[in-house]
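Structure file input.cif with mmCIF, C-alpha atoms and all ligand atoms:
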```
data_query
loop_
_atom_site.group_PDB
_atom_site.id
_atom_site.type_symbol
_atom_site.label_atom_id
_atom_site.label_comp_id
_atom_site.auth_asym_id
_atom_site.auth_seq_id
_atom_site.Cartn_x
_atom_site.Cartn_y
_atom_site.Cartn_z
ATOM 1 C CA MET A 1 92.629 -53.786 -80.228
ATOM 2 C CA ASN A 2 90.739 -52.494 -77.209
ATOM 3 C CA LEU A 3 87.398 -50.722 -77.323
ATOM 4 C CA LEU A 4 88.933 -47.211 -77.328
ATOM 5 C CA LYS A 5 91.250 -48.000 -80.202
ATOM 6 C CA PHE A 6 88.390 -49.610 -82.046
ATOM 7 C CA PHE A 7 86.220 -46.505 -81.852
ATOM 8 C CA HIS A 8 89.159 -44.307 -82.700
ATOM 9 C CA LYS A 9 89.665 -46.295 -85.888
ATOM 10 C CA TYR A 10 85.989 -46.795 -86.746
ATOM 11 C CA PRO A 11 84.151 -43.812 -85.240
ATOM 12 C CA SER A 12 81.356 -43.702 -87.817
ATOM 13 C CA GLU A 13 79.462 -45.593 -90.500
ATOM 14 C CA GLU A 14 81.442 -43.616 -93.126
ATOM 15 C CA LYS A 15 84.796 -44.754 -91.775
ATOM 16 C CA CYS A 16 83.614 -48.354 -91.693
ATOM 17 C CA LEU A 17 82.326 -48.104 -95.257
ATOM 18 C CA ALA A 18 85.629 -46.688 -96.451
ATOM 19 C CA ALA A 19 87.585 -49.461 -94.735
ATOM 20 C CA TYR A 20 85.288 -52.160 -96.053
ATOM 21 C CA ALA A 21 85.336 -50.779 -99.602
ATOM 22 C CA LYS A 22 89.122 -50.825 -99.521
ATOM 23 C CA ILE A 23 89.191 -54.485 -98.491
ATOM 24 C CA ARG A 24 86.689 -55.435 -101.190
ATOM 25 C CA LEU A 25 88.559 -53.565 -103.929
ATOM 26 C CA LYS A 26 91.781 -55.230 -102.849
ATOM 27 C CA GLN A 27 90.226 -58.689 -102.967
ATOM 28 C CA GLY A 28 88.543 -58.049 -106.307
ATOM 29 C CA ILE A 29 84.865 -57.833 -107.235
ATOM 30 C CA THR A 30 83.089 -60.022 -109.749
ATOM 31 C CA CYS A 31 80.660 -58.093 -111.919
ATOM 32 C CA ARG A 32 77.350 -59.969 -112.232
ATOM 33 C CA LYS A 33 76.853 -58.745 -115.805
ATOM 34 C CA CYS A 34 80.387 -59.294 -117.115
ATOM 35 C CA GLU A 35 80.462 -62.506 -115.034
ATOM 36 C CA TYR A 36 84.117 -62.162 -114.207
ATOM 37 C CA GLU A 37 86.321 -60.061 -111.977
ATOM 38 C CA THR A 38 86.590 -56.573 -113.409
ATOM 39 C CA LYS A 39 88.025 -53.321 -112.191
ATOM 40 C CA HIS A 40 85.550 -51.495 -109.985
ATOM 41 C CA TYR A 41 85.294 -47.998 -108.582
ATOM 42 C CA TRP A 42 83.856 -47.196 -105.173
ATOM 43 C CA LEU A 43 81.100 -44.600 -105.394
ATOM 44 C CA ARG A 44 81.063 -43.185 -101.908
ATOM 45 C CA THR A 45 77.877 -41.146 -102.185
ATOM 46 C CA VAL A 46 75.672 -44.033 -103.348
ATOM 47 C CA LYS A 47 77.595 -46.680 -101.358
ATOM 48 C CA ARG A 48 78.082 -48.893 -104.395
ATOM 49 C CA PHE A 49 80.840 -50.250 -106.559
ATOM 50 C CA GLU A 50 80.726 -49.584 -110.276
ATOM 51 C CA CYS A 51 82.145 -51.919 -112.920
ATOM 52 C CA LYS A 52 84.602 -50.086 -115.143
ATOM 53 C CA GLU A 53 83.568 -52.130 -118.184
ATOM 54 C CA CYS A 54 79.780 -52.052 -118.121
ATOM 55 C CA LYS A 55 78.934 -49.573 -115.345
ATOM 56 C CA THR A 56 76.875 -52.187 -113.450
ATOM 57 C CA LYS A 57 76.618 -51.298 -109.806
ATOM 58 C CA THR A 58 77.160 -53.707 -106.922
ATOM 59 C CA SER A 59 76.043 -53.138 -103.346
ATOM 60 C CA TYR A 60 78.865 -53.044 -100.826
ATOM 61 C CA LYS A 61 77.383 -55.968 -98.912
ATOM 62 C CA ALA A 62 76.622 -58.128 -101.967
ATOM 63 C CA ASN A 63 78.090 -61.641 -101.814
ATOM 64 C CA THR A 64 79.670 -61.086 -98.429
ATOM 65 C CA MET A 65 78.697 -62.385 -95.017
ATOM 66 C CA MET A 66 76.510 -59.253 -94.697
ATOM 67 C CA HIS A 67 74.613 -60.003 -97.937
ATOM 68 C CA LYS A 68 71.136 -58.404 -97.784
ATOM 69 C CA SER A 69 71.625 -57.634 -94.094
ATOM 70 C CA LYS A 70 69.877 -54.531 -92.794
ATOM 71 C CA ILE A 71 72.360 -54.096 -89.971
ATOM 72 C CA GLU A 72 74.555 -51.035 -90.350
ATOM 73 C CA LEU A 73 78.145 -51.797 -91.180
ATOM 74 C CA GLN A 74 79.461 -50.221 -87.996
ATOM 75 C CA LYS A 75 77.282 -52.558 -85.945
ATOM 76 C CA TRP A 76 78.657 -55.529 -87.857
ATOM 77 C CA PHE A 77 82.139 -54.215 -87.086
ATOM 78 C CA ILE A 78 81.293 -53.913 -83.398
ATOM 79 C CA LEU A 79 79.851 -57.442 -83.350
ATOM 80 C CA ILE A 80 82.981 -58.869 -84.962
ATOM 81 C CA HIS A 81 85.147 -56.867 -82.602
ATOM 82 C CA LEU A 82 83.302 -58.076 -79.500
ATOM 83 C CA MET A 83 83.376 -61.665 -80.680
ATOM 84 C CA THR A 84 87.093 -61.667 -81.437
ATOM 85 C CA SER A 85 88.581 -59.408 -78.766
ATOM 86 C CA ILE A 86 86.856 -60.814 -75.706
ATOM 87 C CA LYS A 87 88.318 -64.099 -74.605
ATOM 88 C CA LYS A 88 85.072 -65.440 -73.232
ATOM 89 C CA SER A 89 81.940 -65.787 -75.275
ATOM 90 C CA MET A 90 79.237 -63.132 -74.997
ATOM 91 C CA SER A 91 75.524 -63.881 -75.167
ATOM 92 C CA ALA A 92 73.301 -62.392 -77.853
ATOM 93 C CA LEU A 93 71.076 -61.029 -75.092
ATOM 94 C CA GLU A 94 73.919 -59.105 -73.522
ATOM 95 C CA ILE A 95 75.067 -57.638 -76.832
ATOM 96 C CA SER A 96 71.554 -56.751 -77.976
ATOM 97 C CA LYS A 97 71.124 -54.709 -74.799
ATOM 98 C CA GLN A 98 74.473 -52.985 -75.214
ATOM 99 C CA LEU A 99 73.847 -52.053 -78.847
ATOM 100 C CA GLY A 100 70.141 -51.348 -78.589
ATOM 101 C CA MET A 101 69.421 -53.957 -81.239
ATOM 102 C CA ARG A 102 66.721 -56.594 -81.483
ATOM 103 C CA TYR A 103 67.670 -59.900 -79.910
ATOM 104 C CA ASP A 104 66.822 -61.975 -83.006
ATOM 105 C CA THR A 105 68.885 -59.713 -85.252
ATOM 106 C CA VAL A 106 71.923 -60.017 -83.012
ATOM 107 C CA TYR A 107 71.413 -63.763 -82.534
ATOM 108 C CA ASN A 108 71.360 -64.405 -86.289
ATOM 109 C CA ALA A 109 74.290 -62.113 -87.041
ATOM 110 C CA MET A 110 76.411 -63.736 -84.341
ATOM 111 C CA HIS A 111 75.713 -67.152 -85.797
ATOM 112 C CA LYS A 112 76.855 -65.956 -89.219
ATOM 113 C CA ILE A 113 80.126 -64.872 -87.643
ATOM 114 C CA ARG A 114 80.439 -68.261 -85.949
ATOM 115 C CA VAL A 115 79.860 -70.027 -89.270
ATOM 116 C CA LEU A 116 82.658 -67.932 -90.727
ATOM 117 C CA MET A 117 84.940 -68.873 -87.844
ATOM 118 C CA GLY A 118 84.265 -72.532 -88.613
ATOM 119 C CA LYS A 119 85.010 -72.036 -92.311
ATOM 120 C CA ARG A 120 88.347 -70.502 -91.397
ATOM 121 C CA ASP A 121 89.370 -73.323 -89.097
ATOM 122 C CA ASN A 122 88.219 -75.955 -91.579
ATOM 123 C CA ARG A 123 91.005 -74.829 -93.875
ATOM 124 C CA TYR A 124 93.523 -76.461 -91.580
ATOM 125 C CA GLN A 125 94.098 -80.050 -90.625
ATOM 126 C CA LEU A 126 95.516 -81.199 -87.332
ATOM 127 C CA SER A 127 98.818 -83.073 -87.369
ATOM 128 C CA GLY A 128 101.493 -84.560 -85.106
ATOM 129 C CA THR A 129 100.010 -86.297 -82.076
ATOM 130 C CA ILE A 130 96.387 -85.731 -81.150
ATOM 131 C CA GLU A 131 94.349 -86.560 -78.076
ATOM 132 C CA MET A 132 90.943 -87.839 -79.155
ATOM 133 C CA ASP A 133 87.756 -88.170 -77.155
ATOM 134 C CA GLU A 134 84.008 -87.874 -77.339
ATOM 135 C CA ALA A 135 82.013 -85.489 -75.204
ATOM 136 C CA PHE A 136 78.298 -85.128 -74.599
ATOM 137 C CA PHE A 137 76.853 -81.631 -74.499
ATOM 138 C CA THR A 138 73.464 -80.825 -73.048
ATOM 139 C CA THR A 139 71.364 -79.319 -75.799
ATOM 140 C CA VAL A 140 67.748 -78.515 -76.433
ATOM 141 C CA ASP A 141 65.865 -79.702 -79.456
ATOM 142 C CA PHE A 142 63.292 -76.991 -80.097
ATOM 143 C CA LEU A 143 62.094 -78.575 -83.323
ATOM 144 C CA ARG A 144 61.165 -81.811 -81.650
ATOM 145 C CA ASP A 145 59.013 -79.955 -79.157
ATOM 146 C CA LYS A 146 57.679 -77.199 -81.329
ATOM 147 C CA ASP A 147 54.322 -77.257 -79.588
ATOM 148 C CA GLU A 148 55.898 -76.312 -76.322
ATOM 149 C CA PRO A 149 56.524 -72.651 -75.591
ATOM 150 C CA LEU A 150 60.103 -71.615 -76.385
ATOM 151 C CA LYS A 151 61.042 -70.670 -72.879
ATOM 152 C CA ARG A 152 64.543 -70.856 -71.567
ATOM 153 C CA GLY A 153 65.352 -74.302 -70.375
ATOM 154 C CA VAL A 154 62.161 -75.733 -71.780
ATOM 155 C CA GLY A 155 62.358 -78.289 -74.536
ATOM 156 C CA SER A 156 63.584 -81.798 -74.684
ATOM 157 C CA GLN A 157 66.909 -81.881 -72.941
ATOM 158 C CA ARG A 158 69.256 -84.252 -74.585
ATOM 159 C CA LYS A 159 72.884 -84.986 -75.039
ATOM 160 C CA THR A 160 74.608 -84.218 -78.294
ATOM 161 C CA ARG A 161 77.717 -86.127 -79.189
ATOM 162 C CA VAL A 162 80.847 -84.170 -80.061
ATOM 163 C CA LEU A 163 84.137 -85.511 -81.375
ATOM 164 C CA VAL A 164 87.021 -83.617 -79.798
ATOM 165 C CA LEU A 165 90.523 -83.599 -81.269
ATOM 166 C CA VAL A 166 93.431 -81.718 -79.716
ATOM 167 C CA GLU A 167 97.030 -81.603 -80.877
ATOM 168 C CA SER A 168 99.201 -82.589 -77.948
ATOM 169 C CA GLU A 169 102.949 -83.003 -78.276
ATOM 170 C CA TYR A 170 104.981 -84.761 -75.639
ATOM 171 C CA THR A 171 107.551 -82.269 -74.374
ATOM 172 C CA GLY A 172 109.876 -84.908 -73.010
ATOM 173 C CA LEU A 173 109.834 -83.264 -69.600
ATOM 174 C CA ARG A 174 109.433 -85.505 -66.619
ATOM 175 C CA ALA A 175 106.908 -84.448 -63.986
ATOM 176 C CA LYS A 176 109.571 -83.032 -61.688
ATOM 177 C CA GLU A 177 111.221 -80.931 -64.375
ATOM 178 C CA ALA A 178 107.865 -79.846 -65.762
ATOM 179 C CA LYS A 179 106.893 -78.431 -62.397
ATOM 180 C CA ARG A 180 109.448 -75.683 -62.743
ATOM 181 C CA TYR A 181 107.786 -74.363 -65.878
ATOM 182 C CA GLY A 182 104.715 -72.852 -64.309
ATOM 183 C CA LYS A 183 101.638 -73.273 -62.249
ATOM 184 C CA ALA A 184 99.759 -75.723 -64.440
ATOM 185 C CA SER A 185 99.680 -79.211 -63.100
ATOM 186 C CA ASP A 186 102.652 -81.429 -63.881
ATOM 187 C CA HIS A 187 101.014 -83.764 -66.323
ATOM 188 C CA LYS A 188 99.894 -80.833 -68.473
ATOM 189 C CA LYS A 189 103.398 -79.522 -68.727
ATOM 190 C CA ASN A 190 104.409 -82.936 -70.013
ATOM 191 C CA ARG A 191 102.421 -82.218 -73.122
ATOM 192 C CA ARG A 192 102.050 -79.027 -75.107
ATOM 193 C CA MET A 193 98.694 -78.171 -76.619
ATOM 194 C CA GLY A 194 98.467 -77.117 -80.267
ATOM 195 C CA TYR A 195 95.263 -76.646 -82.241
ATOM 196 C CA ALA A 196 91.878 -78.079 -81.375
ATOM 197 C CA LYS A 197 88.758 -79.113 -83.287
ATOM 198 C CA MET A 198 85.288 -79.998 -82.051
ATOM 199 C CA ILE A 199 82.852 -81.694 -84.400
ATOM 200 C CA VAL A 200 79.164 -82.312 -83.677
ATOM 201 C CA MET A 201 78.362 -85.907 -84.589
ATOM 202 C CA ASP A 202 75.236 -87.762 -85.612
ATOM 203 C CA GLU A 203 73.441 -89.708 -82.955
ATOM 204 C CA ASP A 204 75.079 -92.917 -84.018
ATOM 205 C CA SER A 205 78.772 -92.436 -84.231
ATOM 206 C CA THR A 206 80.006 -95.601 -85.878
ATOM 207 C CA SER A 207 83.591 -95.994 -86.979
ATOM 208 C CA PRO A 208 82.924 -95.047 -90.637
ATOM 209 C CA THR A 209 81.411 -91.747 -89.464
ATOM 210 C CA ILE A 210 84.334 -91.026 -87.161
ATOM 211 C CA ASN A 211 86.825 -92.031 -89.866
ATOM 212 C CA TYR A 212 85.084 -89.710 -92.301
ATOM 213 C CA GLU A 213 85.471 -86.769 -89.919
ATOM 214 C CA LEU A 214 89.085 -87.662 -89.158
ATOM 215 C CA GLU A 215 89.836 -87.704 -92.859
ATOM 216 C CA GLN A 216 88.470 -84.158 -93.198
ATOM 217 C CA HIS A 217 90.096 -82.692 -90.144
ATOM 218 C CA VAL A 218 93.319 -84.561 -89.517
ATOM 219 C CA ASP A 219 96.461 -85.099 -91.591
ATOM 220 C CA SER A 220 97.067 -88.770 -92.486
ATOM 221 C CA THR A 221 100.491 -88.779 -90.795
ATOM 222 C CA THR A 222 98.888 -88.091 -87.413
ATOM 223 C CA ASN A 223 99.163 -90.375 -84.384
ATOM 224 C CA ALA A 224 96.134 -90.400 -82.110
ATOM 225 C CA ILE A 225 95.803 -91.384 -78.466
ATOM 226 C CA SER A 226 92.475 -92.067 -76.793
ATOM 227 C CA ASP A 227 90.801 -94.006 -74.028
ATOM 228 C CA ASP A 228 89.532 -97.511 -74.735
ATOM 229 C CA ALA A 229 86.031 -96.382 -75.755
ATOM 230 C CA ARG A 230 84.259 -98.967 -77.854
ATOM 231 C CA ASN A 231 83.384 -96.311 -80.420
ATOM 232 C CA PHE A 232 87.001 -95.891 -81.355
ATOM 233 C CA LYS A 233 87.545 -99.548 -82.179
ATOM 234 C CA GLY A 234 88.045 -99.816 -85.913
ATOM 235 C CA VAL A 235 88.750 -96.118 -86.114
ATOM 236 C CA GLY A 236 91.959 -94.673 -87.344
ATOM 237 C CA ASN A 237 92.812 -96.364 -90.631
ATOM 238 C CA VAL A 238 92.856 -92.851 -92.077
ATOM 239 C CA LEU A 239 95.579 -91.946 -89.583
ATOM 240 C CA ASN A 240 99.138 -93.156 -89.133
ATOM 241 C CA SER A 241 98.272 -94.835 -85.846
ATOM 242 C CA ILE A 242 95.859 -94.857 -82.948
ATOM 243 C CA LYS A 243 96.764 -95.948 -79.467
ATOM 244 C CA GLN A 244 93.869 -96.793 -77.169
ATOM 245 C CA MET A 245 94.757 -96.745 -73.498
ATOM 246 C CA LYS A 246 92.890 -98.385 -70.662
ATOM 247 C CA PHE A 247 92.867 -96.300 -67.511
ATOM 248 C CA ASP A 248 90.770 -95.362 -64.516
ATOM 249 C CA SER A 249 88.489 -92.358 -65.015
ATOM 250 C CA LYS A 250 90.308 -90.581 -62.174
ATOM 251 C CA ASP A 251 93.475 -90.702 -64.259
ATOM 252 C CA ALA A 252 91.816 -89.189 -67.314
ATOM 253 C CA MET A 253 93.369 -85.785 -66.680
ATOM 254 C CA LYS A 254 96.781 -87.368 -66.478
ATOM 255 C CA ARG A 255 96.537 -89.513 -69.582
ATOM 256 C CA LEU A 256 94.624 -87.169 -71.870
ATOM 257 C CA PRO A 257 95.092 -83.798 -70.197
ATOM 258 C CA TRP A 258 94.341 -81.368 -72.999
ATOM 259 C CA VAL A 259 91.312 -82.964 -74.553
ATOM 260 C CA HIS A 260 89.672 -83.018 -71.119
ATOM 261 C CA THR A 261 90.582 -79.418 -70.399
ATOM 262 C CA VAL A 262 89.144 -78.328 -73.738
ATOM 263 C CA ILE A 263 85.933 -80.270 -73.123
ATOM 264 C CA SER A 264 85.330 -78.827 -69.673
ATOM 265 C CA ASN A 265 86.025 -75.255 -70.823
ATOM 266 C CA ALA A 266 83.737 -75.653 -73.831
ATOM 267 C CA LYS A 267 80.960 -77.006 -71.623
ATOM 268 C CA ARG A 268 81.329 -74.057 -69.311
ATOM 269 C CA MET A 269 80.966 -71.749 -72.313
ATOM 270 C CA ALA A 270 77.946 -73.583 -73.721
ATOM 271 C CA ASN A 271 76.009 -73.987 -70.484
ATOM 272 C CA GLY A 272 77.265 -70.980 -68.575
ATOM 273 C CA VAL A 273 76.999 -68.272 -71.198
ATOM 274 C CA HIS A 274 74.453 -69.498 -73.680
ATOM 275 C CA HIS A 275 72.274 -71.666 -71.401
ATOM 276 C CA SER A 276 69.980 -73.931 -73.372
ATOM 277 C CA VAL A 277 71.911 -74.356 -76.580
ATOM 278 C CA ASN A 278 69.862 -75.397 -79.563
ATOM 279 C CA LYS A 279 71.395 -78.595 -80.894
ATOM 280 C CA ASP A 280 71.361 -77.216 -84.450
ATOM 281 C CA TYR A 281 73.576 -74.353 -83.352
ATOM 282 C CA LEU A 282 75.950 -76.217 -81.066
ATOM 283 C CA GLN A 283 78.519 -76.523 -83.866
ATOM 284 C CA ASN A 284 78.512 -72.749 -84.280
ATOM 285 C CA TYR A 285 79.243 -72.168 -80.593
ATOM 286 C CA LEU A 286 82.045 -74.700 -80.754
ATOM 287 C CA ASN A 287 83.396 -72.937 -83.859
ATOM 288 C CA GLU A 288 83.715 -69.719 -81.893
ATOM 289 C CA PHE A 289 85.291 -71.507 -78.952
ATOM 290 C CA CYS A 290 87.909 -73.294 -81.095
ATOM 291 C CA TYR A 291 88.582 -70.252 -83.286
ATOM 292 C CA LYS A 292 89.602 -68.205 -80.261
ATOM 293 C CA LEU A 293 91.407 -71.063 -78.572
ATOM 294 C CA ASN A 294 93.444 -71.764 -81.706
ATOM 295 C CA ARG A 295 94.510 -68.143 -81.976
ATOM 296 C CA ARG A 296 95.306 -67.535 -78.341
ATOM 297 C CA HIS A 297 98.968 -66.881 -79.116
ATOM 298 C CA PHE A 298 98.422 -64.784 -82.238
ATOM 299 C CA GLN A 299 99.885 -61.319 -82.108
ATOM 300 C CA ARG A 300 97.863 -60.129 -85.066
ATOM 301 C CA ASP A 301 94.408 -58.798 -84.445
ATOM 302 C CA MET A 302 91.695 -61.350 -85.123
ATOM 303 C CA PHE A 303 89.340 -58.544 -86.141
ATOM 304 C CA ASP A 304 91.164 -57.773 -89.401
ATOM 305 C CA GLY A 305 91.333 -61.445 -90.286
ATOM 306 C CA MET A 306 87.609 -61.915 -89.757
ATOM 307 C CA LEU A 307 86.732 -58.792 -91.690
ATOM 308 C CA ALA A 308 88.774 -59.905 -94.680
ATOM 309 C CA ALA A 309 87.290 -63.397 -94.385
ATOM 310 C CA SER A 310 83.736 -62.040 -94.376
ATOM 311 C CA VAL A 311 84.375 -60.795 -97.909
ATOM 312 C CA SER A 312 86.447 -63.610 -99.337
ATOM 313 C CA ASP A 313 84.548 -66.670 -98.231
ATOM 314 C CA THR A 314 81.958 -67.857 -100.689
ATOM 315 C CA TRP A 315 78.566 -67.212 -99.216
ATOM 316 C CA PHE A 316 76.374 -67.795 -102.226
HETATM 317 ZN ZN ZN A 401 80.644 -55.377 -115.645
#
```
Output the file's structure in the form of structure tokens.
Ligand SMILES: [Zn+2]
Amino acid sequence: MNLLKFFHKYPSEEKCLAAYAKIRLKQGITCRKCEYETKHYWLRTVKRFECKECKTKTSYKANTMMHKSKIELQKWFILIHLMTSIKKSMSALEISKQLGMRYDTVYNAMHKIRVLMGKRDNRYQLSGTIEMDEAFFTTVDFLRDKDEPLKRGVGSQRKTRVLVLVESEYTGLRAKEAKRYGKASDHKKNRRMGYAKMIVMDEDSTSPTINYELEQHVDSTTNAISDDARNFKGVGNVLNSIKQMKFDSKDAMKRLPWVHTVISNAKRMANGVHHSVNKDYLQNYLNEFCYKLNRRHFQRDMFDGMLAASVSDTWF
């Protein structure tokens, strides 16, 4: 959906309310007095749902991602649209200027959307063959330096560890044959990228911690390939197999092409668009990055999916 189509479909707060009410009625509304899902009516004039049984009224934002939010619904729609339709990530500063909204308001709302994106992707586990690696993102720890002024780039710069997992199936094409299939370098065409996950890790990433994350995010029939990093020794008993390869760093792109591509693109997003990323929010930025990456081939509009998800996911 491009911007023109978006505004054609949602030209006003009323239209957005009507669309949102329809989604909520379809998904079902739990009455807080009856304490179970009852039939509700949408009362357009007071912007509330009414329980058919006991007449208790429920706000249209109650128990959704927009719970108690003062942002108009149309602005939420625009935020979701911008964050799902634009391939690259947009900064809160840029959007706050475009929408004439306060920076903090936009910043917080965008993070809620990123949390939702993460919840969606956490429903799926990776499978098949995965490339596995660890990356270190430059982040800023504002809490640790709370006496310092919160200026851009000021704060204690540090590296935050991220576990990166990318499905990567061998296509069986030899380098020469692969070359015919496009511009991407040969070794990439040897492997086809599937879904990706990026998980912010604790400072010490011992094998039990890594195994715990693998258990959450990867199917137990999966085969992993990685470099010979010491961290990965003793990792993988939750998987079918793990193959650690020893190679020169200059061959990294050849041996683990997709995990390295994902890491460098994610770093460009984090440092290029959002500058000094707060370490507590790094996971959210990575959620957005992976959410879009994982849906790059989807024909269906991501906007509708996110809108429906903002209602159905349990927020409270
Ligand atoms: Zn009721």
- Query: Neighbours of ligand ZN 401 (chain A) within 7 Å, counting only C-alpha atoms and all ligand atoms, as a PyMOL selection string?
  - Reply: chain A and resi 31-34+38+51-56
Those same residues - C-alpha atoms - I'd like them written as a PDB file, in the frame of the given file.
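Written out: result31.pdb:
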```pdb
ATOM      1  CA  CYS A  31      80.660 -58.093-111.919  1.00  0.00           C
ATOM      2  CA  ARG A  32      77.350 -59.969-112.232  1.00  0.00           C
ATOM      3  CA  LYS A  33      76.853 -58.745-115.805  1.00  0.00           C
ATOM      4  CA  CYS A  34      80.387 -59.294-117.115  1.00  0.00           C
ATOM      5  CA  THR A  38      86.590 -56.573-113.409  1.00  0.00           C
ATOM      6  CA  CYS A  51      82.145 -51.919-112.920  1.00  0.00           C
ATOM      7  CA  LYS A  52      84.602 -50.086-115.143  1.00  0.00           C
ATOM      8  CA  GLU A  53      83.568 -52.130-118.184  1.00  0.00           C
ATOM      9  CA  CYS A  54      79.780 -52.052-118.121  1.00  0.00           C
ATOM     10  CA  LYS A  55      78.934 -49.573-115.345  1.00  0.00           C
ATOM     11  CA  THR A  56      76.875 -52.187-113.450  1.00  0.00           C
TER      12      THR A  56
END
```
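Separating atom CA of A:Val140 from atom CA of A:Asn271 is a distance of 11.1 Å.
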- Message: I'd like to know which of A:Glu167, A:Glu14, A:Asp248, A:Glu131 is closest to A:Arg192, using all atoms listed in the file.
- Response: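 Of the candidates, the smallest distance to A:Arg192 is held by A:Glu167.
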- Using only C-alpha atoms, collect all residues at a distance of at most 8 Å from (89.3, -67.1, -95.4) as written in the file, then present them as a ChimeraX atom specification. /A:119-120,305-306,308-310,312-313
- Message: What's the separation between atom CA of A:Trp42 and atom CA of A:Ala21, in Å to one decimal place?
- Response: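 Computed distance, atom CA of A:Trp42 to atom CA of A:Ala21, equals 6.8 Å.
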- Item | d(atom CA of A:Leu3, atom CA of A:Asn265) in Å |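 Atom CA of A:Leu3 sits 25.4 Å away from atom CA of A:Asn265.
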- Between A:Arg158, A:His111, A:Lys75, A:Lys70, smallest distance to A:Ser91 by all atoms listed in the file belongs to A:His111
- Message: Just checking: using only C-alpha atoms, which residue out of A:Arg296, A:Lys9, A:Lys254, A:Leu25 ends up closest to A:Glu50?
- Response: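 Closest to A:Glu50, using only C-alpha atoms: A:Leu25.
Every residue that the PyMOL selection byres (((chain A and resi 226) around 7) and not hetatm) selects in this file is listed here: A:Glu131, A:Met132, A:Asp133, A:Ala224, A:Ile225, A:Asp227, A:Asp228, A:Lys243, A:Gln244, A:Met245.
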- Between A:His81, A:Ala18, A:Lys159, A:His67, which one has atoms that come closest to A:Ser276, using only C-alpha atoms?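 For A:Ser276, the nearest of the given residues is A:Lys159.
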